[in-house]
There are 2 protein chains.
Amino acid sequence: MTKDIESTLKSKNINPTAMRLLVLDFLTKQTSAISLNDLEKGMGPSDRITLYRTLKTFEDKGLVHSIEDGTGATKYALCDIGCDGENHHDLHVHFYCNSCKETFCLPNTKIPEIALPAGFEPQEMNLIIKGICELCSH
Amino acid sequence: MTKDIESTLKSKNINPTAMRLLVLDFLTKQTSAISLNDLEKGMGPSDRITLYRTLKTFEDKGLVHSIEDGTGATKYALCDIGCDGENHHDLHVHFYCNSCKETFCLPNTKIPEIALPAGFEPQEMNLIIKGICELCSH
DNA sequence: GAACCGATGCAATGCTATTGCAAAGTACGT
DNA sequence: ACGTACTTTGCAATAGCATTGCATCGGTTC
């Protein structure tokens, strides 16, 4: 369904180049968030920096969001519908599995309201839960 | 109160060397979490690697906990009473100020219970809230 | 004093993120 | 079709943090 991928890019105002189609196609096939390294290994031989910039572009345009899961390597995953460059709606929980080392989005698990001390004004939130994922707990 | 600092180290089974006394003393004077760079700059001329290992030792022994606030540099802050090497009780919220770039522990703001999807078993949680801190919001 | 062990300091390395610059490709107006 | 301008890509290079190996130093023990 290259057509779908292409129109997805266009709807986000991203020029649909061959490289970007490939990257987006790869991203849609993932079941967990991937790092730049994963992407580089998963794709054919391509330039690491180009992949890096492709992810940055996607992030700017609200197509993917980045996740700092504490491993040191930034992970990327497709956004939910409704994200744009200005406003990422990625206020869901991210889960890092200590067993398989994968990072998952839990889009249906929202971060609850937190009562902050007076004077603190929240703008973004980032909740990483580490543990054993569904697949590894069997 | 060098005596207090020394006994704190001993109570955590850490050999109280001159360097460690200095580092711990410095840590107790902080109002926010500090990075290795901050420590290096704040202390007199000392070896970066030694400071790094000192922090690691403190972390192993449950004296400080490390915070990944997404800036790329690991921050360290003193633990609450009750932490040990096996079990860090750092389940409080960490707040990163987008204005002054400081990272604060909010020890009285606990992470609420999160209902995870079936099969996911949580072990650790890490909640970073970014925004404007109390001092900068005035 | 000799052997030993932990702590320290220096050198060196690995990895991720990031930028500069040049080449290749694409779009557009004439 | 041609040239120009803009975008994208690829390569080289750099910066910063984390981490390890090894030698040295200092104190402890026998």
# chains A, B, ... in the order shown; residues from 1 in each chain; ligands from 1
>>> calpha_fit_and_write(fixed="chain A", moving="chain B", output="mmCIF file with C-alpha atoms, in the first residue's frame")
data_model
loop_
_atom_site.group_PDB
_atom_site.id
_atom_site.type_symbol
_atom_site.label_atom_id
_atom_site.label_comp_id
_atom_site.auth_asym_id
_atom_site.auth_seq_id
_atom_site.Cartn_x
_atom_site.Cartn_y
_atom_site.Cartn_z
ATOM 1 C CA MET B 1 -0.091 0.120 0.126
ATOM 2 C CA THR B 2 2.486 2.598 -0.979
ATOM 3 C CA LYS B 3 -0.323 4.965 -1.813
ATOM 4 C CA ASP B 4 -1.434 5.189 1.792
ATOM 5 C CA ILE B 5 2.077 5.858 2.957
ATOM 6 C CA GLU B 6 2.555 8.524 0.343
ATOM 7 C CA SER B 7 -0.661 10.280 1.228
ATOM 8 C CA THR B 8 0.250 10.103 4.894
ATOM 9 C CA LEU B 9 3.435 11.983 4.143
ATOM 10 C CA LYS B 10 1.624 14.545 2.049
ATOM 11 C CA SER B 11 -0.996 15.096 4.705
ATOM 12 C CA LYS B 12 1.812 16.039 7.070
ATOM 13 C CA ASN B 13 3.413 18.343 4.537
ATOM 14 C CA ILE B 14 6.382 16.088 4.002
ATOM 15 C CA ASN B 15 7.822 15.711 0.557
ATOM 16 C CA PRO B 16 7.389 12.024 -0.267
ATOM 17 C CA THR B 17 10.804 10.946 -1.435
ATOM 18 C CA ALA B 18 11.809 7.360 -1.988
ATOM 19 C CA MET B 19 13.868 7.299 1.178
ATOM 20 C CA ARG B 20 11.041 8.683 3.274
ATOM 21 C CA LEU B 21 8.558 6.223 1.886
ATOM 22 C CA LEU B 22 10.878 3.401 2.838
ATOM 23 C CA VAL B 23 11.458 4.743 6.330
ATOM 24 C CA LEU B 24 7.784 5.332 6.985
ATOM 25 C CA ASP B 25 6.941 1.908 5.634
ATOM 26 C CA PHE B 26 9.485 0.405 7.963
ATOM 27 C CA LEU B 27 8.109 2.334 10.906
ATOM 28 C CA THR B 28 4.576 1.156 10.337
ATOM 29 C CA LYS B 29 5.751 -2.437 10.522
ATOM 30 C CA GLN B 30 7.286 -2.080 13.956
ATOM 31 C CA THR B 31 5.632 -3.342 17.081
ATOM 32 C CA SER B 32 7.915 -1.359 19.342
ATOM 33 C CA ALA B 33 9.780 1.919 19.263
ATOM 34 C CA ILE B 34 13.074 1.775 17.411
ATOM 35 C CA SER B 35 16.360 3.559 17.672
ATOM 36 C CA LEU B 36 18.394 5.054 14.886
ATOM 37 C CA ASN B 37 20.575 1.972 15.012
ATOM 38 C CA ASP B 38 17.618 -0.347 14.620
ATOM 39 C CA LEU B 39 16.459 1.661 11.659
ATOM 40 C CA GLU B 40 19.856 1.546 10.068
ATOM 41 C CA LYS B 41 20.088 -2.200 10.481
ATOM 42 C CA GLY B 42 16.538 -2.839 9.415
ATOM 43 C CA MET B 43 16.745 -0.859 6.221
ATOM 44 C CA GLY B 44 18.910 -1.730 3.320
ATOM 45 C CA PRO B 45 22.263 -0.011 3.000
ATOM 46 C CA SER B 46 21.542 3.637 3.571
ATOM 47 C CA ASP B 47 23.264 6.568 5.114
ATOM 48 C CA ARG B 48 22.933 6.862 8.843
ATOM 49 C CA ILE B 49 22.828 10.639 8.806
ATOM 50 C CA THR B 50 20.124 10.725 6.207
ATOM 51 C CA LEU B 51 18.062 8.379 8.335
ATOM 52 C CA TYR B 52 18.722 10.584 11.314
ATOM 53 C CA ARG B 53 17.516 13.640 9.453
ATOM 54 C CA THR B 54 14.548 11.774 8.112
ATOM 55 C CA LEU B 55 13.468 10.945 11.636
ATOM 56 C CA LYS B 56 14.010 14.547 12.697
ATOM 57 C CA THR B 57 11.873 15.728 9.825
ATOM 58 C CA PHE B 58 9.150 13.276 10.742
ATOM 59 C CA GLU B 59 9.292 14.452 14.311
ATOM 60 C CA ASP B 60 9.111 18.108 13.342
ATOM 61 C CA LYS B 61 6.083 17.445 11.243
ATOM 62 C CA GLY B 62 4.304 15.449 13.909
ATOM 63 C CA LEU B 63 4.542 12.057 12.285
ATOM 64 C CA VAL B 64 6.664 10.358 14.917
ATOM 65 C CA HIS B 65 7.573 11.171 18.487
ATOM 66 C CA SER B 66 10.843 10.514 20.189
ATOM 67 C CA ILE B 67 11.234 8.655 23.449
ATOM 68 C CA GLU B 68 14.061 8.895 25.907
ATOM 69 C CA ASP B 69 13.843 5.581 27.661
ATOM 70 C CA GLY B 70 17.004 5.951 29.653
ATOM 71 C CA THR B 71 19.056 3.592 27.533
ATOM 72 C CA GLY B 72 20.938 6.522 26.065
ATOM 73 C CA ALA B 73 19.640 5.971 22.567
ATOM 74 C CA THR B 74 16.603 7.935 21.501
ATOM 75 C CA LYS B 75 13.750 5.765 20.282
ATOM 76 C CA TYR B 76 11.141 6.756 17.733
ATOM 77 C CA ALA B 77 7.586 5.607 17.196
ATOM 78 C CA LEU B 78 4.700 6.686 15.046
ATOM 79 C CA CYS B 79 2.411 9.275 16.552
ATOM 80 C CA ASP B 80 -1.263 8.858 17.111
ATOM 81 C CA ILE B 81 -3.564 10.657 14.781
ATOM 82 C CA GLY B 82 -3.859 14.257 15.830
ATOM 83 C CA CYS B 83 -0.244 15.112 16.378
ATOM 84 C CA ASP B 84 1.249 18.004 14.508
ATOM 85 C CA GLY B 85 4.554 19.785 14.591
ATOM 86 C CA GLU B 86 3.385 22.219 17.228
ATOM 87 C CA ASN B 87 1.777 19.864 19.629
ATOM 88 C CA HIS B 88 2.666 16.266 20.185
ATOM 89 C CA HIS B 89 -0.065 14.321 21.896
ATOM 90 C CA ASP B 90 2.267 11.686 23.171
ATOM 91 C CA LEU B 91 1.081 11.869 26.733
ATOM 92 C CA HIS B 92 0.789 8.153 26.980
ATOM 93 C CA VAL B 93 3.026 5.866 28.938
ATOM 94 C CA HIS B 94 6.110 4.251 27.503
ATOM 95 C CA PHE B 95 7.163 0.851 28.714
ATOM 96 C CA TYR B 96 10.702 -0.451 28.596
ATOM 97 C CA CYS B 97 11.109 -4.187 28.983
ATOM 98 C CA ASN B 98 14.113 -5.157 31.065
ATOM 99 C CA SER B 99 14.026 -8.584 29.500
ATOM 100 C CA CYS B 100 13.762 -8.064 25.752
ATOM 101 C CA LYS B 101 15.045 -4.459 25.880
ATOM 102 C CA GLU B 102 12.217 -3.206 23.704
ATOM 103 C CA THR B 103 10.368 0.036 24.259
ATOM 104 C CA PHE B 104 6.610 0.027 23.728
ATOM 105 C CA CYS B 105 4.053 2.767 23.476
ATOM 106 C CA LEU B 106 1.012 2.144 25.618
ATOM 107 C CA PRO B 107 -1.324 4.546 23.856
ATOM 108 C CA ASN B 108 -4.299 3.579 25.981
ATOM 109 C CA THR B 109 -2.511 4.145 29.247
ATOM 110 C CA LYS B 110 -2.643 7.842 29.939
ATOM 111 C CA ILE B 111 -0.618 9.696 32.485
ATOM 112 C CA PRO B 112 -2.959 10.649 35.325
ATOM 113 C CA GLU B 113 -3.313 14.129 36.674
ATOM 114 C CA ILE B 114 -0.525 15.051 39.026
ATOM 115 C CA ALA B 115 -0.921 17.667 41.695
ATOM 116 C CA LEU B 116 2.267 19.705 41.605
ATOM 117 C CA PRO B 117 3.450 22.023 44.349
ATOM 118 C CA ALA B 118 2.348 25.628 44.013
ATOM 119 C CA GLY B 119 4.229 27.579 41.381
ATOM 120 C CA PHE B 120 5.182 24.686 39.150
ATOM 121 C CA GLU B 121 3.566 24.868 35.729
ATOM 122 C CA PRO B 122 3.694 21.672 33.719
ATOM 123 C CA GLN B 123 4.104 21.752 29.953
ATOM 124 C CA GLU B 124 5.206 18.258 28.988
ATOM 125 C CA MET B 125 5.259 14.948 30.770
ATOM 126 C CA ASN B 126 7.268 11.850 30.175
ATOM 127 C CA LEU B 127 6.557 8.638 32.021
ATOM 128 C CA ILE B 128 8.768 5.629 31.478
ATOM 129 C CA ILE B 129 7.842 2.428 33.227
ATOM 130 C CA LYS B 130 10.388 -0.353 33.249
ATOM 131 C CA GLY B 131 9.610 -3.957 33.912
ATOM 132 C CA ILE B 132 8.608 -7.091 32.067
ATOM 133 C CA CYS B 133 6.463 -6.783 28.989
ATOM 134 C CA GLU B 134 3.499 -8.868 28.018
ATOM 135 C CA LEU B 135 5.445 -11.159 25.697
ATOM 136 C CA CYS B 136 8.273 -11.805 28.129
ATOM 137 C CA SER B 137 6.015 -12.434 31.118
ATOM 138 C CA HIS B 138 4.604 -15.622 29.629
#
>>> interface_residues(of="chain D", to="chain A", cutoff="10 Å", atoms="only C-alpha atoms (C1' of nucleotides)", output="ChimeraX atom specification")
/D:7-11,17-18
>>> write_last_selection(atoms="C-alpha atoms (C1' of nucleotides)", output="PDB file, in the first residue's frame")
ATOM      1  C1'  DT D   7      15.351  20.279  -1.306  1.00  0.00           C
ATOM      2  C1'  DT D   8      17.335  16.050  -0.191  1.00  0.00           C
ATOM      3  C1'  DT D   9      21.083  13.076   0.368  1.00  0.00           C
ATOM      4  C1'  DG D  10      25.788  11.472   1.465  1.00  0.00           C
ATOM      5  C1'  DC D  11      30.300  12.023   3.389  1.00  0.00           C
ATOM      6  C1'  DC D  17      28.916  11.978  27.842  1.00  0.00           C
ATOM      7  C1'  DA D  18      29.851   7.457  29.567  1.00  0.00           C
TER       8       DA D  18
END
>>> select_by_dssp(residues="stretch 35-95 of chain B", states="helix (DSSP H, G or I)", output="ChimeraX atom specification")
/B:36-42,48-60
>>> select_by_dssp(residues="chain B", states="strand (DSSP E)", output="number ranges by chain")
B: 34-35, 64-67, 75-78, 92-97, 103-110, 121-132
>>> interface_residues(of="chain C", to="chain A", cutoff="12 Å", atoms="only C-alpha atoms (C1' of nucleotides)", output="PyMOL selection string")
chain C and resi 15-19+25-27
>>> atom_distance(atom1="atom C1' of D:DA1", atom2="atom C1' of C:DA24")
19.7 Å
>>> closest_residue(among="C:DC21, C:DA2, C:DC28, C:DA11", to="D:DC22", atoms="only C-alpha atoms (C1' of nucleotides)")
C:DA11
>>> residues_around(residues="stretch 24-29 of chain D", least_positions_apart="2", cutoff="10 Å", atoms="only C-alpha atoms (C1' of nucleotides)", output="PyMOL selection string")
(chain C and resi 3-9) or (chain D and resi 22)
>>> atom_distance(atom1="atom C1' of C:DG20", atom2="atom C1' of D:DA5")
20.2 Å
